[in-house]
Amino acid sequence: MFLKKVALTSAMSIIAGAAFAECEIPGNVSIVGNEFPAIHTVAEGAAACTGGEVKANLTADHQKINLAGMQGNPAEYSSAIIANSSIVALMNEDVIRPLDDLVAEYGQDIPKNQLITIDGNIMAVAFMANAQTLAYRKDVLEEIGVGVPTTYEEVLEAAEMIREADISEYPVGGAYAAGWNLAEEFVNMYLGHGGEFYVPGTAEASINNEQGVAALNMMKALTEYMNPDFLTHDSNATSAEMEAGNVMLMNMWGSRMGVLMDDEGAEEQVYTNITVAGPLTVGGGSTPASTLWWDGWTVAKNISDEDAAATFLALKHGTSPAILNDETMSQAVWMIEGYTPAPVNDGVFAAIAAGTQSYPMLPYQGLLHTALGDNLSDFLLGKESAEQALADTEAAYTAAATEKGFLQ
Amino acid sequence: MKHRSFFWFVLPSAIAMMLFIFFPIISVIIQSFHVEHEQVIRAVETCDLFGCKESTTIDQEATAELRAERPLGQFAGLKTYLDRNHIAATEVAETWNGTNSWRDFGAQMLNLPFYKAMGFTLTYTFVVTPLVIILGFIIAVAVNSATKALRGPLIFFSLLPMMITPLVGALILFWMVDARGIIGTLLQQLAGDPDLSVKASTPLMWIMLMVYGVWHSAPFAFIVYYAGLQTVSQDTLEAARVDGANRWLQIRHVIIPHLLPLTTFIALMQLMDNFRVFEPIVSFAANAHATSLSWAIFNDLGGETRQLSSAAATSVLTIIGVAILLSPVLVRTWRDFDRK
């Protein structure tokens, strides 16, 4: 046994050595990013480079520090790992640099679709995709004799049948925690109804309309089948409800499906039956009520050319096929050559295939998201009408957008 | 003390206070009077993993000059203070003219974020502060009359809630009152309602936050009162006993007057602390039911787009609020000082 382990470790170190040997960087690298397994893998891949120092600060609070850490000159962080929603905050303050020259010099082999271009400039390199799709209990749907729901209306029907069959009192789950999560669910539902967030060509919010009300009403209908504490349930809490065997149907992030389907934290009956399906549509629409997300890396503006080149090379290496192995393969839907999808990732691929829209990359979307998160819970608590909640959101957004100079 | 030695004596702390209290407050006030420059928005094509689409971005070149010229942004005066997310002057006036009853007016006001936050913050402050003082006093008197051998362990256990990090303490209570937690289940049994959930009801959530507030702060009042009790003159107490005062009369006429200055101190500290209520709202994920000014600042800074001016304005309003709350106590202290 001992020998076997030694043999295995040395074999692995040889592979790793071979894979990581080729990265030489001309400067220092300092990465700030979110904290989950896939990002750790990227940071470790980048740290394998030699010739300069590679530091990484990975924390769930990365959004609170990345901007301040890149505004100095020289910047504290030479790279921020961001998503399509959070790159906007960095672009608004002009702290990340266009990567065109670096791509031309060092990145010819990066697949074109990974390059995020805004106004013709490459601003980030994406390495993984994410989306919220349906997770369901196969055994429970078989028991009540319905097929896999493809619309939210079917979810409501199935939920009613599960409740009547006395299988679970609150069979539907969702990350409805007041704040960012709740706003995200509204964004999904509103896009599913074909809504537009702004008056075309302006930063003026226009969500107090038919689609907005329909989206809120559908959310309210779903909450009737949710644990009454739904306004305190984030992705973690509602995942735990599913693993505990209480929730049978829920809309969940692709990056969290692996946790649901592994053998930790749930009984065999539960985890062997949790299955991932595609995103749901709503109200007879064809666009899924979901959004596509990517995670990618950027390079700071206020750093020396050597450090910029080093950052580019290190992160290119950290997101190259070299980082893929048995352990890292299931951590995300990697947008990296050589990646082979596992069943946990079916949902995200289905979402891409179904033409799901990507989360809006607009300079003022973050303000609307915050306003939504603060103002929708009163409607779900039954304290005010859908129209009032949407009007409150618009008013809160308008005040915030005026302060930020987007509206006058 | 001579003026000269007094000067040298307070200089270090005066410098520290200037650096860490005065200047930051000045910077926050300046920030709150400014908003960002008018952003020049340009329609652009954005391409990501999932294809290209029309989008917008800020024209950095167009705003670079403006920013270099006036790095603080545009001067806005009190505009941020008066907008809907703060004092909401226009909205309040409209509501005042548009509603017929106080009840209606109150309900509409609580729909505005600042007044919603103030509603909870003030209720919390004026419920928790007296309860903390009363409970702390009772515990102190009880511990003080226990036998010497027991006092050590009693003090230790009474101080536990204060030793636990507020966020962690709140999380412990959060899980205990969960519908499937020990307190949550007990409440369901007592109420005879299997669907009762503290986290789903606004009144119950408020009560829980206040229970947490009292639980967390009572040890502070206790330890101050307990220290005070050690200085009560035994001669006065004995004289009272000789005069035939029972235990209650001794407390009423000897101990309470003796501890009065401490009560002022505790009330000051607690009013300040409770007005800044923050941790339990985050730990209990209670923001759908209750918000506070501190929470609003956190929320402004924690979003994907930071709202610095909004947070600064709320901070200044918090400082003004604390000053108003403390003014009666401060005036009293000043008068006492003057009398001497």
# chains A, B, ... in the order shown; residues from 1 in each chain; ligands from 1
>>> residues_around(residues="Tyr198 (chain A)", least_positions_apart="6", cutoff="12 Å", atoms="only C-alpha atoms", output="PyMOL selection string")
(chain A and resi 204-209+360+362+364-365+368+394+397-398) or (chain B and resi 55-56)
>>> write_last_selection(atoms="C-alpha atoms", output="tab-separated table (two decimals), in the first residue's frame")
chain	number	residue	atom	x	y	z
A	204	GLU	CA	-33.45	54.55	-17.76
A	205	ALA	CA	-34.92	51.44	-16.13
A	206	SER	CA	-38.24	50.17	-17.45
A	207	ILE	CA	-39.27	47.06	-15.60
A	208	ASN	CA	-42.67	48.18	-14.30
A	209	ASN	CA	-44.56	46.57	-17.16
A	360	PRO	CA	-26.28	41.89	-19.37
A	362	LEU	CA	-23.95	47.05	-18.94
A	364	TYR	CA	-25.39	50.36	-14.77
A	365	GLN	CA	-26.74	46.79	-14.48
A	368	LEU	CA	-30.39	47.77	-10.99
A	394	GLU	CA	-37.19	51.80	-10.50
A	397	TYR	CA	-32.36	52.59	-9.21
A	398	THR	CA	-32.97	56.09	-10.55
B	55	SER	CA	-24.32	46.64	-25.36
B	56	THR	CA	-23.05	49.87	-23.85
>>> interface_residues(of="chain A", to="chain B", cutoff="8 Å", atoms="only C-alpha atoms", output="PyMOL selection string")
chain A and resi 63-64+85-86+89+91-92+94+113-120+126+177-179+201+228-232+292+294+352+358+360-364+366-367+370+374+377-378+395-396+399-400+403-408
>>> select_by_dssp(residues="region 289-341 of chain A", states="helix (DSSP H, G or I)", output="ChimeraX atom specification")
/A:305-318,321-323,329-331
>>> residues_around(residues="Pro74 (chain A)", least_positions_apart="6", cutoff="10 Å", atoms="only C-alpha atoms", output="PyMOL selection string")
chain A and resi 300-304
>>> write_last_selection(atoms="C-alpha atoms", output="short mmCIF file (atom, residue, chain, number, x, y, z; two decimals), in the first residue's frame")
data_model
loop_
_atom_site.label_atom_id
_atom_site.label_comp_id
_atom_site.auth_asym_id
_atom_site.auth_seq_id
_atom_site.Cartn_x
_atom_site.Cartn_y
_atom_site.Cartn_z
CA ALA A 300 -4.59 45.45 -14.56
CA LYS A 301 -3.83 48.73 -16.31
CA ASN A 302 -1.52 50.31 -13.72
CA ILE A 303 1.35 47.78 -13.82
CA SER A 304 4.65 47.56 -15.67
#
>>> atom_distance(atom1="CA of Leu150 (chain B)", atom2="CA of Leu131 (chain B)")
25.4 Å
>>> closest_residue(among="A:Ala371, A:Gln331, A:Met123, A:Gly355", to="Leu99 (chain A)", atoms="only C-alpha atoms")
A:Met123
>>> atom_distance(atom1="CA of Ala93 (chain B)", atom2="CA of Leu110 (chain B)")
14.1 Å
>>> select_by_dssp(residues="region 9-106 of chain B", states="strand (DSSP E or B)", output="ChimeraX atom specification")
/B:34-35,41-48,51-58,74-75
>>> write_last_selection(atoms="C-alpha atoms", output="PDB file, in the first residue's frame")
ATOM      1  CA  HIS B  34     -20.186  65.002  -4.424  1.00  0.00           C
ATOM      2  CA  VAL B  35     -21.553  62.666  -7.048  1.00  0.00           C
ATOM      3  CA  ILE B  41     -22.166  56.125 -22.589  1.00  0.00           C
ATOM      4  CA  ARG B  42     -21.326  54.612 -25.936  1.00  0.00           C
ATOM      5  CA  ALA B  43     -23.168  51.795 -27.723  1.00  0.00           C
ATOM      6  CA  VAL B  44     -20.714  49.012 -28.525  1.00  0.00           C
ATOM      7  CA  GLU B  45     -20.687  45.416 -29.658  1.00  0.00           C
ATOM      8  CA  THR B  46     -19.813  42.932 -26.943  1.00  0.00           C
ATOM      9  CA  CYS B  47     -18.719  39.407 -27.776  1.00  0.00           C
ATOM     10  CA  ASP B  48     -18.403  36.637 -25.221  1.00  0.00           C
ATOM     11  CA  GLY B  51     -21.993  35.207 -29.149  1.00  0.00           C
ATOM     12  CA  CYS B  52     -22.068  38.928 -29.875  1.00  0.00           C
ATOM     13  CA  LYS B  53     -24.704  41.471 -28.932  1.00  0.00           C
ATOM     14  CA  GLU B  54     -25.347  45.182 -28.678  1.00  0.00           C
ATOM     15  CA  SER B  55     -24.319  46.638 -25.363  1.00  0.00           C
ATOM     16  CA  THR B  56     -23.049  49.868 -23.846  1.00  0.00           C
ATOM     17  CA  THR B  57     -19.894  50.950 -22.121  1.00  0.00           C
ATOM     18  CA  ILE B  58     -18.491  54.082 -20.531  1.00  0.00           C
ATOM     19  CA  GLN B  74     -19.433  66.924  -9.509  1.00  0.00           C
ATOM     20  CA  PHE B  75     -20.406  68.988  -6.540  1.00  0.00           C
TER      21      PHE B  75
END
>>> atom_distance(atom1="CA of Trp248 (chain B)", atom2="CA of Thr147 (chain B)")
19.2 Å
>>> closest_residue(among="B:Ala107, B:Arg241, B:Val329, B:Ala311", to="Lys383 (chain A)", atoms="only C-alpha atoms")
B:Ala107
>>> residues_around(residues="region 305-318 of chain A", least_positions_apart="3", cutoff="7 Å", atoms="only C-alpha atoms", output="PyMOL selection string")
chain A and resi 23+25-29+42-46+49+78-79+102+299+323
>>> write_last_selection(atoms="N, CA and C atoms", output="short mmCIF file (atom, residue, chain, number, x, y, z; two decimals), in the first residue's frame")
data_model
loop_
_atom_site.label_atom_id
_atom_site.label_comp_id
_atom_site.auth_asym_id
_atom_site.auth_seq_id
_atom_site.Cartn_x
_atom_site.Cartn_y
_atom_site.Cartn_z
N CYS A 23 6.40 26.99 -18.40
CA CYS A 23 5.94 28.36 -18.18
C CYS A 23 7.02 29.20 -17.51
N ILE A 25 8.03 33.23 -16.69
CA ILE A 25 7.42 34.57 -16.74
C ILE A 25 8.45 35.65 -16.43
N PRO A 26 8.32 36.82 -17.07
CA PRO A 26 9.31 37.89 -16.92
C PRO A 26 9.02 38.86 -15.77
N GLY A 27 8.04 38.63 -14.93
CA GLY A 27 7.73 39.58 -13.86
C GLY A 27 6.92 38.93 -12.77
N ASN A 28 6.29 39.75 -11.94
CA ASN A 28 5.51 39.23 -10.83
C ASN A 28 4.01 39.28 -11.11
N VAL A 29 3.30 38.35 -10.45
CA VAL A 29 1.87 38.21 -10.69
C VAL A 29 1.15 38.22 -9.35
N VAL A 42 -7.13 27.26 -11.12
CA VAL A 42 -6.52 28.24 -12.03
C VAL A 42 -5.33 28.93 -11.35
N ALA A 43 -5.54 29.33 -10.09
CA ALA A 43 -4.47 30.04 -9.39
C ALA A 43 -3.26 29.13 -9.18
N GLU A 44 -3.53 27.86 -8.87
CA GLU A 44 -2.42 26.92 -8.70
C GLU A 44 -1.68 26.71 -10.02
N GLY A 45 -2.44 26.63 -11.11
CA GLY A 45 -1.83 26.48 -12.43
C GLY A 45 -0.93 27.67 -12.74
N ALA A 46 -1.40 28.87 -12.39
CA ALA A 46 -0.60 30.08 -12.64
C ALA A 46 0.65 30.09 -11.77
N CYS A 49 4.24 28.68 -12.67
CA CYS A 49 5.19 29.36 -13.54
C CYS A 49 6.43 29.78 -12.74
N SER A 78 -2.33 42.39 -10.06
CA SER A 78 -2.06 42.51 -11.49
C SER A 78 -3.17 41.84 -12.30
N SER A 79 -4.01 41.05 -11.62
CA SER A 79 -5.13 40.43 -12.34
C SER A 79 -6.29 40.21 -11.40
N LEU A 102 -1.05 41.82 -26.07
CA LEU A 102 -0.54 40.63 -25.39
C LEU A 102 -1.00 39.36 -26.10
N VAL A 299 -6.25 41.74 -16.93
CA VAL A 299 -4.92 42.25 -16.55
C VAL A 299 -5.06 43.72 -16.18
N ILE A 323 -4.00 22.12 -16.92
CA ILE A 323 -4.57 22.03 -15.57
C ILE A 323 -5.65 20.96 -15.46
#
>>> decode(residues="region 244-263 of chain A", atoms="N, CA and C atoms", output="short mmCIF file (atom, residue, chain, number, x, y, z; two decimals), in the first residue's frame")
data_model
loop_
_atom_site.label_atom_id
_atom_site.label_comp_id
_atom_site.auth_asym_id
_atom_site.auth_seq_id
_atom_site.Cartn_x
_atom_site.Cartn_y
_atom_site.Cartn_z
N ALA A 244 -31.17 17.32 1.94
CA ALA A 244 -31.89 16.78 3.09
C ALA A 244 -33.14 16.01 2.64
N GLY A 245 -33.44 16.05 1.33
CA GLY A 245 -34.59 15.29 0.83
C GLY A 245 -35.91 16.03 0.94
N ASN A 246 -35.87 17.34 1.19
CA ASN A 246 -37.12 18.10 1.30
C ASN A 246 -37.53 18.71 -0.04
N VAL A 247 -36.53 19.16 -0.79
CA VAL A 247 -36.80 19.82 -2.07
C VAL A 247 -36.65 18.82 -3.20
N MET A 248 -37.62 18.80 -4.12
CA MET A 248 -37.61 17.84 -5.22
C MET A 248 -37.31 18.49 -6.57
N LEU A 249 -37.57 19.79 -6.66
CA LEU A 249 -37.36 20.51 -7.92
C LEU A 249 -36.74 21.85 -7.60
N MET A 250 -35.65 22.21 -8.27
CA MET A 250 -35.16 23.57 -8.06
C MET A 250 -34.30 24.06 -9.21
N ASN A 251 -34.21 25.37 -9.30
CA ASN A 251 -33.40 26.04 -10.30
C ASN A 251 -32.06 26.32 -9.63
N MET A 252 -30.98 25.74 -10.14
CA MET A 252 -29.70 25.84 -9.41
C MET A 252 -28.54 26.04 -10.37
N TRP A 253 -27.47 26.64 -9.85
CA TRP A 253 -26.26 26.92 -10.63
C TRP A 253 -25.58 25.62 -11.07
N GLY A 254 -25.10 25.61 -12.32
CA GLY A 254 -24.36 24.46 -12.82
C GLY A 254 -23.15 24.15 -11.97
N SER A 255 -22.49 25.19 -11.45
CA SER A 255 -21.26 24.98 -10.68
C SER A 255 -21.54 24.32 -9.33
N ARG A 256 -22.82 24.22 -8.92
CA ARG A 256 -23.14 23.62 -7.63
C ARG A 256 -23.76 22.24 -7.77
N MET A 257 -23.98 21.78 -9.01
CA MET A 257 -24.62 20.49 -9.22
C MET A 257 -23.74 19.35 -8.71
N GLY A 258 -22.42 19.50 -8.86
CA GLY A 258 -21.50 18.46 -8.42
C GLY A 258 -21.68 18.14 -6.94
N VAL A 259 -21.88 19.18 -6.15
CA VAL A 259 -22.06 19.00 -4.70
C VAL A 259 -23.36 18.23 -4.42
N LEU A 260 -24.39 18.50 -5.22
CA LEU A 260 -25.68 17.82 -5.01
C LEU A 260 -25.58 16.35 -5.33
N MET A 261 -24.77 16.03 -6.35
CA MET A 261 -24.78 14.67 -6.86
C MET A 261 -23.69 13.78 -6.28
N ASP A 262 -22.79 14.34 -5.47
CA ASP A 262 -21.78 13.47 -4.87
C ASP A 262 -22.36 12.80 -3.63
N ASP A 263 -21.59 11.86 -3.06
CA ASP A 263 -22.16 11.05 -1.98
C ASP A 263 -21.97 11.68 -0.60
#
